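Each remark here refers to the structure printed beneath this line.
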Amino acid sequence: MTPPAAARAAPASQPERTAHAMPFGAELRLDGGTRFRLWAPDAEAVTLLLGQDGVPLPLERLDDGWFGRTVTGAPAGSPYRYRLADGTEVPDPASRAQAGGPFGPSLVCDPDAFEWQAEGWHGRPWHEAVIYELHCGAIGRPGGFAAVERRLDHLAELGVTAIELMPVADFPGARGWGYDGVLPFAPASIYGTPDDLKRLVDAAHMRGLMVLLDVVYNHFGPAGNFLPLYAKSFFDADRPTPWGPAIDFRRPQVRAFFRHNALYWLEEFRLDGLRFDAVHAIRDDSRPDILTEIADAVRAAFPDRHIHLVLENDRNEARRLAGSPCVSACYDAQWNDDVHHAAHAALTGEADGYYADYADAPVARLGRALAEGFVYQGDWSERRRAPRGEPSAHLPPTAFVNFLQNHDQIGNRALGDRLAALAEPAAVEAMTAVLLLAPQIPLLFMGEEWGSRQPFPFFCDFEGELADAVRRGRREEFAQFAGFADAAETLPDALDPATFESAVLQPDDGDPQAARRLDLVRRLLDIRRRRVVPLLAPHRIGPGIDRSRGRMLDVAWMLRGGGWLRIVAHLAPDRGPAWDMPSGEILFESATSLAAALPDGVTGWGTVVALEPAA
């Protein structure tokens with residue numbers, strides 16, 4: 001059945017213009033020419049090398065470090081590079097497409113050539129989001145944008161409403177997570193062409209699915225970034241980061257580069273939102289800072305579309321999120337690591353590394369996160385030896401994206417092991433019910449819907465000293481996890497192609513446990529769609545009340561107009577204490593008559609979700 005939010009097919013004779021106008025890069029002009037423009041303040045001269053033969057065409061020096069030229073005879077598909085005065089050839093940093101990755105030539109593109117089919121798509125409201133994070137190269141074999149498209153019917157039928165692509169900005173090598181991208185405007189050529197990505201987005205919209213993209217604005221990858229050769233001031237040498245000098249957002253040209261990048265993905269590819277990776281690593285003291293500037297620009301550019309902006313922010317800055325008294329545009333939500341860490345500690349008993357701040361009372365900390373947003377709201381973090389976060393209890397539940405697994409929390413483990421390999425099925429199922437029926441926005445990682453046990457280890461494709469540095473860094477990273485000390489000596493080699501192959505998702509066809517988990521997730525998402533999502537529309541749900549104690553989770557959220565959405569879960573294998581039975585309508589119980597058994601104390605993991613009337 002076609003989802004009600006799905007778009008209709010547009011007549012092929014009515015293509016819509018979606019090109020995003022940029023002050024840099026290669027732009028086709030209406031008069032038939034192509035304008036090339038590059039910011040190269042440290043270059044003595046820049047020459048455009050056009051076509052397969054690399055015809056040299058000197059660029060004109062313009063003001064403020066810009067070089068440019070408009071030429072004829074450079075239609076879509078034309079390869080080009082820039083040559084610096086010392087003979088070094090570099091790609092266009094604003095290239096829309098590459099032939100063979102960052103070390104190949106850039107390609108002139110016609111953004112209006114693709115014929116979109118989804119007519120009248122304006123997105124979906126944020127409170128309807130059920131997100132499915134995936135890696136385009138590891139979603140199947142062969143991978144790429146077409147492989148993701150082949151999964152769309154499965155995801156729509158499951159109850160997912162948004163897919164989130166791990167970064168696709170072009171990066172060197174044949175495989176990688178995407179967080180070492182170096183050409184932020186060019187979809188990775190190993191996944192397909194720009195039109196292949198547009199085809200995926202169009203197909204998703206036809207099925208009522210949103211498409212979100214993970215973007216990385218805190219650093220460039222260590223290989224294939226040529227910007228320092230001709231634009232040293234793109235970076236601030238006085239501000240070191242784990243990836244080298246920080247990006248210098250004090251420069252208007254640098255700010256424009258990233259502001260336009262956000263707008264480009266949303267306009268030219270019709271994406272429905274962006275997830276901003278590790279914004280706590282962005283160094284910017286400007287007012288407004290770059291995150292605020294990007295949010296302001298996006299809100300102004302797309303007033304008639306549902307565009308969703310999501311942060312990953314270890315600082316727990318509540319002031320940036322929707323529901324806060326922001327000075328200007330806010331972000332819709334933040335990935336909530338606090339929920340993950342507390343839930344993971346409750347499920348596995350792990351207490352190493354960042355779990356140390358949650359392991360003393362994991363269920364109590366999970367209850368606070370579900371009721372109030374962050375666990376750490378300015379509270380002292382023993383592991384960090386410093387306060388962390390800002391008050392968040394005033395924020396709506398939909399200002400947080402919750403998850404039990406994602407690419408980081410699986411792939412950054414020594415062996416890339418998933419939750420299904422670390423906790424018993426009943427425990428994972430009880431926590432999955434909490435995840436999918438709580439009012440926060442839930443996120444699943446690819447394969448989680450059937451409880452995949454297949455590892456998702458970190459993988460990349462570097463050479464020489466950089467490859468050796470990655471291997472050393474991985475070993476050092478796991479030193480803080482005492483339980484992984486032995487595994488760190490034998491952890492998968494991130495550079496070995498076999499490590500990537502081990503991460504390529506394989507459906508667990510014929511596995512009864514997988515079929516059972518898939519049916520559970522499908523049922524939970526159906527309950528969420530019918531009974532929970534209508535409660536999440538703006539101004540329909542209020543603050544959470546946390547009554548959790550010991551291993552009993554008990555959180556309720558006030559419904560506007562009276563009543564409560566309440567989740568009670570016993571998150572332990574032993575016998576729990578006597579507990580108040582939820583009143584009202586039972587939406588879900590993980591075992592028959594579990595709710596009725598609560599006053600006597602239940603044994604084992606279990607979850608009850610109910611709609612309770614006002615007192």
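Residues are referred to by chain and number: the chain letter is A, B, ... according to the order shown in the structure tokens, the number counts from 1 in that chain, and ligands are numbered separately from 1 in the order shown.
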Residues near Pro228 of chain A, anyone? I mean within 9 Å using only C-alpha atoms, not counting same-chain ones fewer than 6 positions away, as a PDB file with all heavy atoms, in the first residue's frame.
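Written file, part_19.pdb:
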ATOM      1  N   ASP A  42      46.571  32.009  -1.627  1.00  0.00           N
ATOM      2  CA  ASP A  42      48.016  31.796  -1.543  1.00  0.00           C
ATOM      3  C   ASP A  42      48.627  31.397  -2.884  1.00  0.00           C
ATOM      4  O   ASP A  42      49.824  31.092  -2.939  1.00  0.00           O
ATOM      5  CB  ASP A  42      48.323  30.715  -0.504  1.00  0.00           C
ATOM      6  CG  ASP A  42      47.858  31.111   0.887  1.00  0.00           C
ATOM      7  OD1 ASP A  42      48.135  32.253   1.282  1.00  0.00           O
ATOM      8  OD2 ASP A  42      47.209  30.289   1.556  1.00  0.00           O
ATOM      9  N   PHE A 234      42.275  28.902   4.902  1.00  0.00           N
ATOM     10  CA  PHE A 234      41.063  28.124   5.137  1.00  0.00           C
ATOM     11  C   PHE A 234      41.127  27.487   6.523  1.00  0.00           C
ATOM     12  O   PHE A 234      40.110  27.124   7.103  1.00  0.00           O
ATOM     13  CB  PHE A 234      40.945  27.033   4.066  1.00  0.00           C
ATOM     14  CG  PHE A 234      39.541  26.544   3.801  1.00  0.00           C
ATOM     15  CD1 PHE A 234      38.813  27.001   2.722  1.00  0.00           C
ATOM     16  CD2 PHE A 234      38.944  25.625   4.650  1.00  0.00           C
ATOM     17  CE1 PHE A 234      37.518  26.548   2.479  1.00  0.00           C
ATOM     18  CE2 PHE A 234      37.658  25.171   4.423  1.00  0.00           C
ATOM     19  CZ  PHE A 234      36.941  25.634   3.335  1.00  0.00           C
ATOM     20  N   PHE A 235      42.348  27.390   7.067  1.00  0.00           N
ATOM     21  CA  PHE A 235      42.576  26.734   8.346  1.00  0.00           C
ATOM     22  C   PHE A 235      43.292  27.682   9.300  1.00  0.00           C
ATOM     23  O   PHE A 235      43.952  28.633   8.877  1.00  0.00           O
ATOM     24  CB  PHE A 235      43.408  25.461   8.144  1.00  0.00           C
ATOM     25  CG  PHE A 235      42.784  24.494   7.184  1.00  0.00           C
ATOM     26  CD1 PHE A 235      43.099  24.543   5.823  1.00  0.00           C
ATOM     27  CD2 PHE A 235      41.860  23.552   7.606  1.00  0.00           C
ATOM     28  CE1 PHE A 235      42.515  23.669   4.923  1.00  0.00           C
ATOM     29  CE2 PHE A 235      41.267  22.684   6.717  1.00  0.00           C
ATOM     30  CZ  PHE A 235      41.590  22.731   5.364  1.00  0.00           C
TER      31      PHE A 235
END
Counting only C-alpha atoms, what is within 12 Å of Trp66 of chain A, bar same-chain residues fewer than 5 positions away, as a PyMOL selection string?
chain A and resi 23-25+36-46+59-61+230-231+253
Those selected residues, please, written with N, CA, C and O atoms and delivered as a PDB file, in the first residue's frame.
ATOM      1  N   PRO A  23      28.790  30.743  -5.451  1.00  0.00           N
ATOM      2  CA  PRO A  23      29.780  31.733  -5.895  1.00  0.00           C
ATOM      3  C   PRO A  23      31.115  31.111  -6.272  1.00  0.00           C
ATOM      4  O   PRO A  23      32.062  31.834  -6.587  1.00  0.00           O
ATOM      5  N   PHE A  24      31.213  29.783  -6.247  1.00  0.00           N
ATOM      6  CA  PHE A  24      32.467  29.090  -6.558  1.00  0.00           C
ATOM      7  C   PHE A  24      32.135  27.836  -7.344  1.00  0.00           C
ATOM      8  O   PHE A  24      30.973  27.481  -7.546  1.00  0.00           O
ATOM      9  N   GLY A  25      33.157  27.150  -7.806  1.00  0.00           N
ATOM     10  CA  GLY A  25      32.948  25.925  -8.553  1.00  0.00           C
ATOM     11  C   GLY A  25      32.679  26.178 -10.017  1.00  0.00           C
ATOM     12  O   GLY A  25      32.896  27.277 -10.543  1.00  0.00           O
ATOM     13  N   PHE A  36      34.029  29.229 -14.138  1.00  0.00           N
ATOM     14  CA  PHE A  36      34.891  28.546 -13.178  1.00  0.00           C
ATOM     15  C   PHE A  36      35.404  29.575 -12.177  1.00  0.00           C
ATOM     16  O   PHE A  36      35.874  30.645 -12.569  1.00  0.00           O
ATOM     17  N   ARG A  37      35.336  29.232 -10.888  1.00  0.00           N
ATOM     18  CA  ARG A  37      35.760  30.189  -9.868  1.00  0.00           C
ATOM     19  C   ARG A  37      36.364  29.433  -8.692  1.00  0.00           C
ATOM     20  O   ARG A  37      35.792  28.450  -8.208  1.00  0.00           O
ATOM     21  N   LEU A  38      37.537  29.895  -8.225  1.00  0.00           N
ATOM     22  CA  LEU A  38      38.280  29.232  -7.162  1.00  0.00           C
ATOM     23  C   LEU A  38      38.846  30.264  -6.211  1.00  0.00           C
ATOM     24  O   LEU A  38      39.426  31.268  -6.643  1.00  0.00           O
ATOM     25  N   TRP A  39      38.694  30.015  -4.903  1.00  0.00           N
ATOM     26  CA  TRP A  39      39.326  30.873  -3.904  1.00  0.00           C
ATOM     27  C   TRP A  39      40.696  30.290  -3.592  1.00  0.00           C
ATOM     28  O   TRP A  39      40.800  29.194  -3.027  1.00  0.00           O
ATOM     29  N   ALA A  40      41.743  30.994  -3.984  1.00  0.00           N
ATOM     30  CA  ALA A  40      43.118  30.519  -3.824  1.00  0.00           C
ATOM     31  C   ALA A  40      44.009  31.680  -3.403  1.00  0.00           C
ATOM     32  O   ALA A  40      44.866  32.132  -4.172  1.00  0.00           O
ATOM     33  N   PRO A  41      43.848  32.196  -2.174  1.00  0.00           N
ATOM     34  CA  PRO A  41      44.562  33.408  -1.763  1.00  0.00           C
ATOM     35  C   PRO A  41      46.076  33.242  -1.704  1.00  0.00           C
ATOM     36  O   PRO A  41      46.802  34.239  -1.748  1.00  0.00           O
ATOM     37  N   ASP A  42      46.571  32.009  -1.627  1.00  0.00           N
ATOM     38  CA  ASP A  42      48.016  31.796  -1.543  1.00  0.00           C
ATOM     39  C   ASP A  42      48.627  31.397  -2.884  1.00  0.00           C
ATOM     40  O   ASP A  42      49.824  31.092  -2.939  1.00  0.00           O
ATOM     41  N   ALA A  43      47.838  31.365  -3.938  1.00  0.00           N
ATOM     42  CA  ALA A  43      48.350  30.956  -5.244  1.00  0.00           C
ATOM     43  C   ALA A  43      48.895  32.151  -6.023  1.00  0.00           C
ATOM     44  O   ALA A  43      48.279  33.215  -6.050  1.00  0.00           O
ATOM     45  N   GLU A  44      50.047  31.947  -6.641  1.00  0.00           N
ATOM     46  CA  GLU A  44      50.600  32.985  -7.518  1.00  0.00           C
ATOM     47  C   GLU A  44      49.811  33.057  -8.822  1.00  0.00           C
ATOM     48  O   GLU A  44      49.634  34.133  -9.400  1.00  0.00           O
ATOM     49  N   ALA A  45      49.380  31.907  -9.296  1.00  0.00           N
ATOM     50  CA  ALA A  45      48.600  31.832 -10.529  1.00  0.00           C
ATOM     51  C   ALA A  45      47.839  30.511 -10.518  1.00  0.00           C
ATOM     52  O   ALA A  45      48.253  29.545  -9.871  1.00  0.00           O
ATOM     53  N   VAL A  46      46.719  30.478 -11.232  1.00  0.00           N
ATOM     54  CA  VAL A  46      45.921  29.260 -11.363  1.00  0.00           C
ATOM     55  C   VAL A  46      45.535  29.098 -12.825  1.00  0.00           C
ATOM     56  O   VAL A  46      45.076  30.051 -13.474  1.00  0.00           O
ATOM     57  N   LEU A  59      43.388  31.364 -15.416  1.00  0.00           N
ATOM     58  CA  LEU A  59      42.288  32.064 -14.764  1.00  0.00           C
ATOM     59  C   LEU A  59      42.715  33.492 -14.448  1.00  0.00           C
ATOM     60  O   LEU A  59      43.889  33.779 -14.204  1.00  0.00           O
ATOM     61  N   GLU A  60      41.747  34.367 -14.433  1.00  0.00           N
ATOM     62  CA  GLU A  60      42.001  35.777 -14.118  1.00  0.00           C
ATOM     63  C   GLU A  60      42.033  35.961 -12.604  1.00  0.00           C
ATOM     64  O   GLU A  60      41.195  35.430 -11.878  1.00  0.00           O
ATOM     65  N   ARG A  61      43.012  36.736 -12.125  1.00  0.00           N
ATOM     66  CA  ARG A  61      43.066  37.047 -10.703  1.00  0.00           C
ATOM     67  C   ARG A  61      42.008  38.097 -10.387  1.00  0.00           C
ATOM     68  O   ARG A  61      41.977  39.175 -10.997  1.00  0.00           O
ATOM     69  N   TYR A 230      46.907  25.992  -1.596  1.00  0.00           N
ATOM     70  CA  TYR A 230      46.620  27.286  -2.212  1.00  0.00           C
ATOM     71  C   TYR A 230      45.701  28.171  -1.363  1.00  0.00           C
ATOM     72  O   TYR A 230      45.423  29.308  -1.730  1.00  0.00           O
ATOM     73  N   ALA A 231      45.229  27.655  -0.227  1.00  0.00           N
ATOM     74  CA  ALA A 231      44.349  28.441   0.644  1.00  0.00           C
ATOM     75  C   ALA A 231      44.657  28.091   2.096  1.00  0.00           C
ATOM     76  O   ALA A 231      43.816  27.548   2.819  1.00  0.00           O
ATOM     77  N   GLN A 253      34.836  33.614   3.357  1.00  0.00           N
ATOM     78  CA  GLN A 253      34.850  32.645   2.258  1.00  0.00           C
ATOM     79  C   GLN A 253      34.653  31.223   2.777  1.00  0.00           C
ATOM     80  O   GLN A 253      34.006  30.391   2.130  1.00  0.00           O
TER      81      GLN A 253
END
Residue neighbourhood segment 327-341 of chain A, 9 Å, only C-alpha atoms, exclusion window fewer than 6 positions, as an mmCIF file with N, CA and C atoms, in the first residue's frame:
data_model
loop_
_atom_site.group_PDB
_atom_site.id
_atom_site.type_symbol
_atom_site.label_atom_id
_atom_site.label_comp_id
_atom_site.auth_asym_id
_atom_site.auth_seq_id
_atom_site.Cartn_x
_atom_site.Cartn_y
_atom_site.Cartn_z
ATOM 1 N N TRP A 126 8.540 16.510 11.624
ATOM 2 C CA TRP A 126 9.592 15.853 12.383
ATOM 3 C C TRP A 126 9.060 14.811 13.346
ATOM 4 N N ARG A 275 22.248 15.775 9.175
ATOM 5 C CA ARG A 275 22.764 15.477 10.510
ATOM 6 C C ARG A 275 24.204 15.972 10.537
ATOM 7 N N THR A 292 24.708 28.542 13.858
ATOM 8 C CA THR A 292 23.541 29.418 13.832
ATOM 9 C C THR A 292 23.332 29.999 12.445
ATOM 10 N N GLU A 293 24.428 30.389 11.789
ATOM 11 C CA GLU A 293 24.319 30.962 10.446
ATOM 12 C C GLU A 293 23.727 29.953 9.466
ATOM 13 N N ILE A 294 24.156 28.711 9.552
ATOM 14 C CA ILE A 294 23.618 27.689 8.652
ATOM 15 C C ILE A 294 22.137 27.458 8.923
ATOM 16 N N ALA A 295 21.761 27.341 10.186
ATOM 17 C CA ALA A 295 20.349 27.124 10.510
ATOM 18 C C ALA A 295 19.492 28.282 10.027
ATOM 19 N N ASP A 296 19.962 29.508 10.240
ATOM 20 C CA ASP A 296 19.221 30.680 9.759
ATOM 21 C C ASP A 296 19.040 30.633 8.243
ATOM 22 N N ALA A 297 20.112 30.296 7.528
ATOM 23 C CA ALA A 297 20.055 30.269 6.061
ATOM 24 C C ALA A 297 19.100 29.196 5.570
ATOM 25 N N VAL A 298 19.120 28.041 6.198
ATOM 26 C CA VAL A 298 18.251 26.947 5.777
ATOM 27 C C VAL A 298 16.787 27.290 6.036
ATOM 28 N N ARG A 299 16.489 27.812 7.203
ATOM 29 C CA ARG A 299 15.090 28.139 7.513
ATOM 30 C C ARG A 299 14.554 29.208 6.567
ATOM 31 N N HIS A 308 14.766 19.173 8.233
ATOM 32 C CA HIS A 308 15.128 18.789 9.586
ATOM 33 C C HIS A 308 16.642 18.843 9.759
ATOM 34 N N LEU A 309 17.075 19.531 10.802
ATOM 35 C CA LEU A 309 18.486 19.712 11.115
ATOM 36 C C LEU A 309 18.765 19.081 12.466
ATOM 37 N N VAL A 310 19.734 18.157 12.490
ATOM 38 C CA VAL A 310 20.017 17.356 13.679
ATOM 39 C C VAL A 310 21.502 17.460 14.002
ATOM 40 N N LEU A 311 21.811 17.586 15.274
ATOM 41 C CA LEU A 311 23.190 17.727 15.720
ATOM 42 C C LEU A 311 23.701 16.468 16.402
ATOM 43 N N GLU A 312 25.001 16.214 16.228
ATOM 44 C CA GLU A 312 25.745 15.392 17.167
ATOM 45 C C GLU A 312 26.617 16.360 17.951
ATOM 46 N N ASN A 313 26.402 16.444 19.270
ATOM 47 C CA ASN A 313 27.046 17.494 20.051
ATOM 48 C C ASN A 313 27.337 16.988 21.450
ATOM 49 N N ASP A 314 28.584 16.632 21.688
ATOM 50 C CA ASP A 314 28.967 16.082 22.990
ATOM 51 C C ASP A 314 28.853 17.106 24.112
ATOM 52 N N ASN A 316 26.194 18.757 24.815
ATOM 53 C CA ASN A 316 24.816 18.794 25.323
ATOM 54 C C ASN A 316 24.319 20.237 25.456
ATOM 55 N N ALA A 318 21.715 22.483 25.115
ATOM 56 C CA ALA A 318 20.264 22.506 24.955
ATOM 57 C C ALA A 318 19.790 23.768 24.245
ATOM 58 N N ARG A 319 20.534 24.855 24.372
ATOM 59 C CA ARG A 319 20.087 26.123 23.796
ATOM 60 C C ARG A 319 19.995 26.093 22.274
ATOM 61 N N ARG A 320 20.626 25.118 21.639
ATOM 62 C CA ARG A 320 20.583 25.041 20.179
ATOM 63 C C ARG A 320 19.350 24.309 19.655
ATOM 64 N N LEU A 321 18.545 23.711 20.527
ATOM 65 C CA LEU A 321 17.511 22.792 20.093
ATOM 66 C C LEU A 321 16.123 23.406 20.124
ATOM 67 N N TYR A 354 33.489 5.622 28.265
ATOM 68 C CA TYR A 354 32.420 6.573 28.551
ATOM 69 C C TYR A 354 31.244 5.950 29.284
ATOM 70 N N TYR A 355 31.184 4.628 29.386
ATOM 71 C CA TYR A 355 30.120 3.999 30.168
ATOM 72 C C TYR A 355 30.324 4.193 31.669
ATOM 73 N N ASP A 357 30.412 6.788 33.388
ATOM 74 C CA ASP A 357 29.534 7.812 33.953
ATOM 75 C C ASP A 357 28.085 7.346 34.081
ATOM 76 N N TYR A 358 27.784 6.111 33.680
ATOM 77 C CA TYR A 358 26.401 5.633 33.676
ATOM 78 C C TYR A 358 26.241 4.312 34.422
ATOM 79 N N ALA A 359 27.343 3.590 34.618
ATOM 80 C CA ALA A 359 27.267 2.215 35.095
ATOM 81 C C ALA A 359 26.828 2.096 36.545
ATOM 82 N N PRO A 362 22.464 2.659 35.911
ATOM 83 C CA PRO A 362 22.107 2.849 34.496
ATOM 84 C C PRO A 362 20.622 3.070 34.257
ATOM 85 N N ARG A 365 19.631 6.558 35.364
ATOM 86 C CA ARG A 365 20.118 7.564 34.412
ATOM 87 C C ARG A 365 19.319 7.506 33.109
ATOM 88 N N LEU A 366 18.936 6.313 32.694
ATOM 89 C CA LEU A 366 18.072 6.201 31.520
ATOM 90 C C LEU A 366 16.735 6.874 31.776
ATOM 91 N N GLY A 367 16.182 6.691 32.956
ATOM 92 C CA GLY A 367 14.911 7.333 33.282
ATOM 93 C C GLY A 367 15.010 8.837 33.207
ATOM 94 N N ARG A 368 16.100 9.393 33.737
ATOM 95 C CA ARG A 368 16.248 10.851 33.672
ATOM 96 C C ARG A 368 16.359 11.324 32.219
ATOM 97 N N ALA A 369 17.116 10.587 31.407
ATOM 98 C CA ALA A 369 17.275 10.988 30.008
ATOM 99 C C ALA A 369 15.947 10.935 29.263
ATOM 100 N N LEU A 370 15.147 9.908 29.512
ATOM 101 C CA LEU A 370 13.857 9.817 28.837
ATOM 102 C C LEU A 370 12.905 10.911 29.298
ATOM 103 N N GLY A 373 15.600 14.618 28.826
ATOM 104 C CA GLY A 373 16.517 14.872 27.716
ATOM 105 C C GLY A 373 17.907 14.378 28.017
ATOM 106 N N PHE A 374 18.729 15.202 28.629
ATOM 107 C CA PHE A 374 20.101 14.822 28.941
ATOM 108 C C PHE A 374 20.200 14.258 30.358
ATOM 109 N N VAL A 375 21.128 13.325 30.541
ATOM 110 C CA VAL A 375 21.515 12.923 31.894
ATOM 111 C C VAL A 375 22.384 14.008 32.500
ATOM 112 N N TYR A 376 23.345 14.485 31.707
ATOM 113 C CA TYR A 376 24.290 15.497 32.193
ATOM 114 C C TYR A 376 23.828 16.878 31.728
ATOM 115 N N THR A 398 10.727 15.358 21.340
ATOM 116 C CA THR A 398 11.155 15.252 19.946
ATOM 117 C C THR A 398 12.424 16.042 19.650
ATOM 118 N N ALA A 399 12.979 16.728 20.648
ATOM 119 C CA ALA A 399 14.263 17.404 20.465
ATOM 120 C C ALA A 399 15.434 16.439 20.618
ATOM 121 N N PHE A 400 15.133 15.135 20.777
ATOM 122 C CA PHE A 400 16.187 14.149 20.983
ATOM 123 C C PHE A 400 15.977 12.950 20.066
ATOM 124 N N VAL A 401 17.074 12.489 19.479
ATOM 125 C CA VAL A 401 17.086 11.250 18.700
ATOM 126 C C VAL A 401 17.719 10.173 19.571
ATOM 127 N N ASN A 402 16.940 9.133 19.865
ATOM 128 C CA ASN A 402 17.406 8.039 20.717
ATOM 129 C C ASN A 402 17.775 6.822 19.880
ATOM 130 N N PHE A 403 18.686 6.023 20.378
ATOM 131 C CA PHE A 403 19.144 4.834 19.654
ATOM 132 C C PHE A 403 19.786 3.883 20.640
ATOM 133 N N LEU A 404 19.745 2.611 20.291
ATOM 134 C CA LEU A 404 20.484 1.588 21.019
ATOM 135 C C LEU A 404 21.754 1.217 20.278
ATOM 136 N N GLN A 405 21.786 1.493 18.970
ATOM 137 C CA GLN A 405 22.952 1.215 18.142
ATOM 138 C C GLN A 405 23.030 2.287 17.058
ATOM 139 N N GLN A 409 28.575 3.564 17.767
ATOM 140 C CA GLN A 409 28.516 2.729 18.955
ATOM 141 C C GLN A 409 28.717 1.253 18.637
ATOM 142 N N ILE A 441 12.496 10.704 19.135
ATOM 143 C CA ILE A 441 12.616 10.206 17.774
ATOM 144 C C ILE A 441 13.549 8.993 17.792
#
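Candidate residues A:Thr72, A:Ser95, A:Ser502, A:Gln377 were compared for distance to Arg141 of chain A, and the nearest is A:Ser502, using only C-alpha atoms.
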Which of segment 311-516 of chain A DSSP labels helix (DSSP H, G or I), written as number ranges by chain:
A: 318-320, 337-348, 353-357, 362-372, 397-399, 407-411, 419-421, 425-437, 448-450, 464-480, 482-490, 497-503, 512-516
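Atom to atom, atom CA of Leu505 of chain A and atom CA of Gly447 of chain A stand 7.0 Å apart.
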I'd like to know which of A:Leu443, A:Val148, A:Ala322, A:Ala138 is closest to Trp177 of chain A, using only C-alpha atoms.
A:Ala138
Give the strand (DSSP E) residues of segment 192-317 of chain A, as DSSP finds them on the backbone, and put them as a ChimeraX atom specification.
/A:210-215,235-241,244-247,273-276,308-311
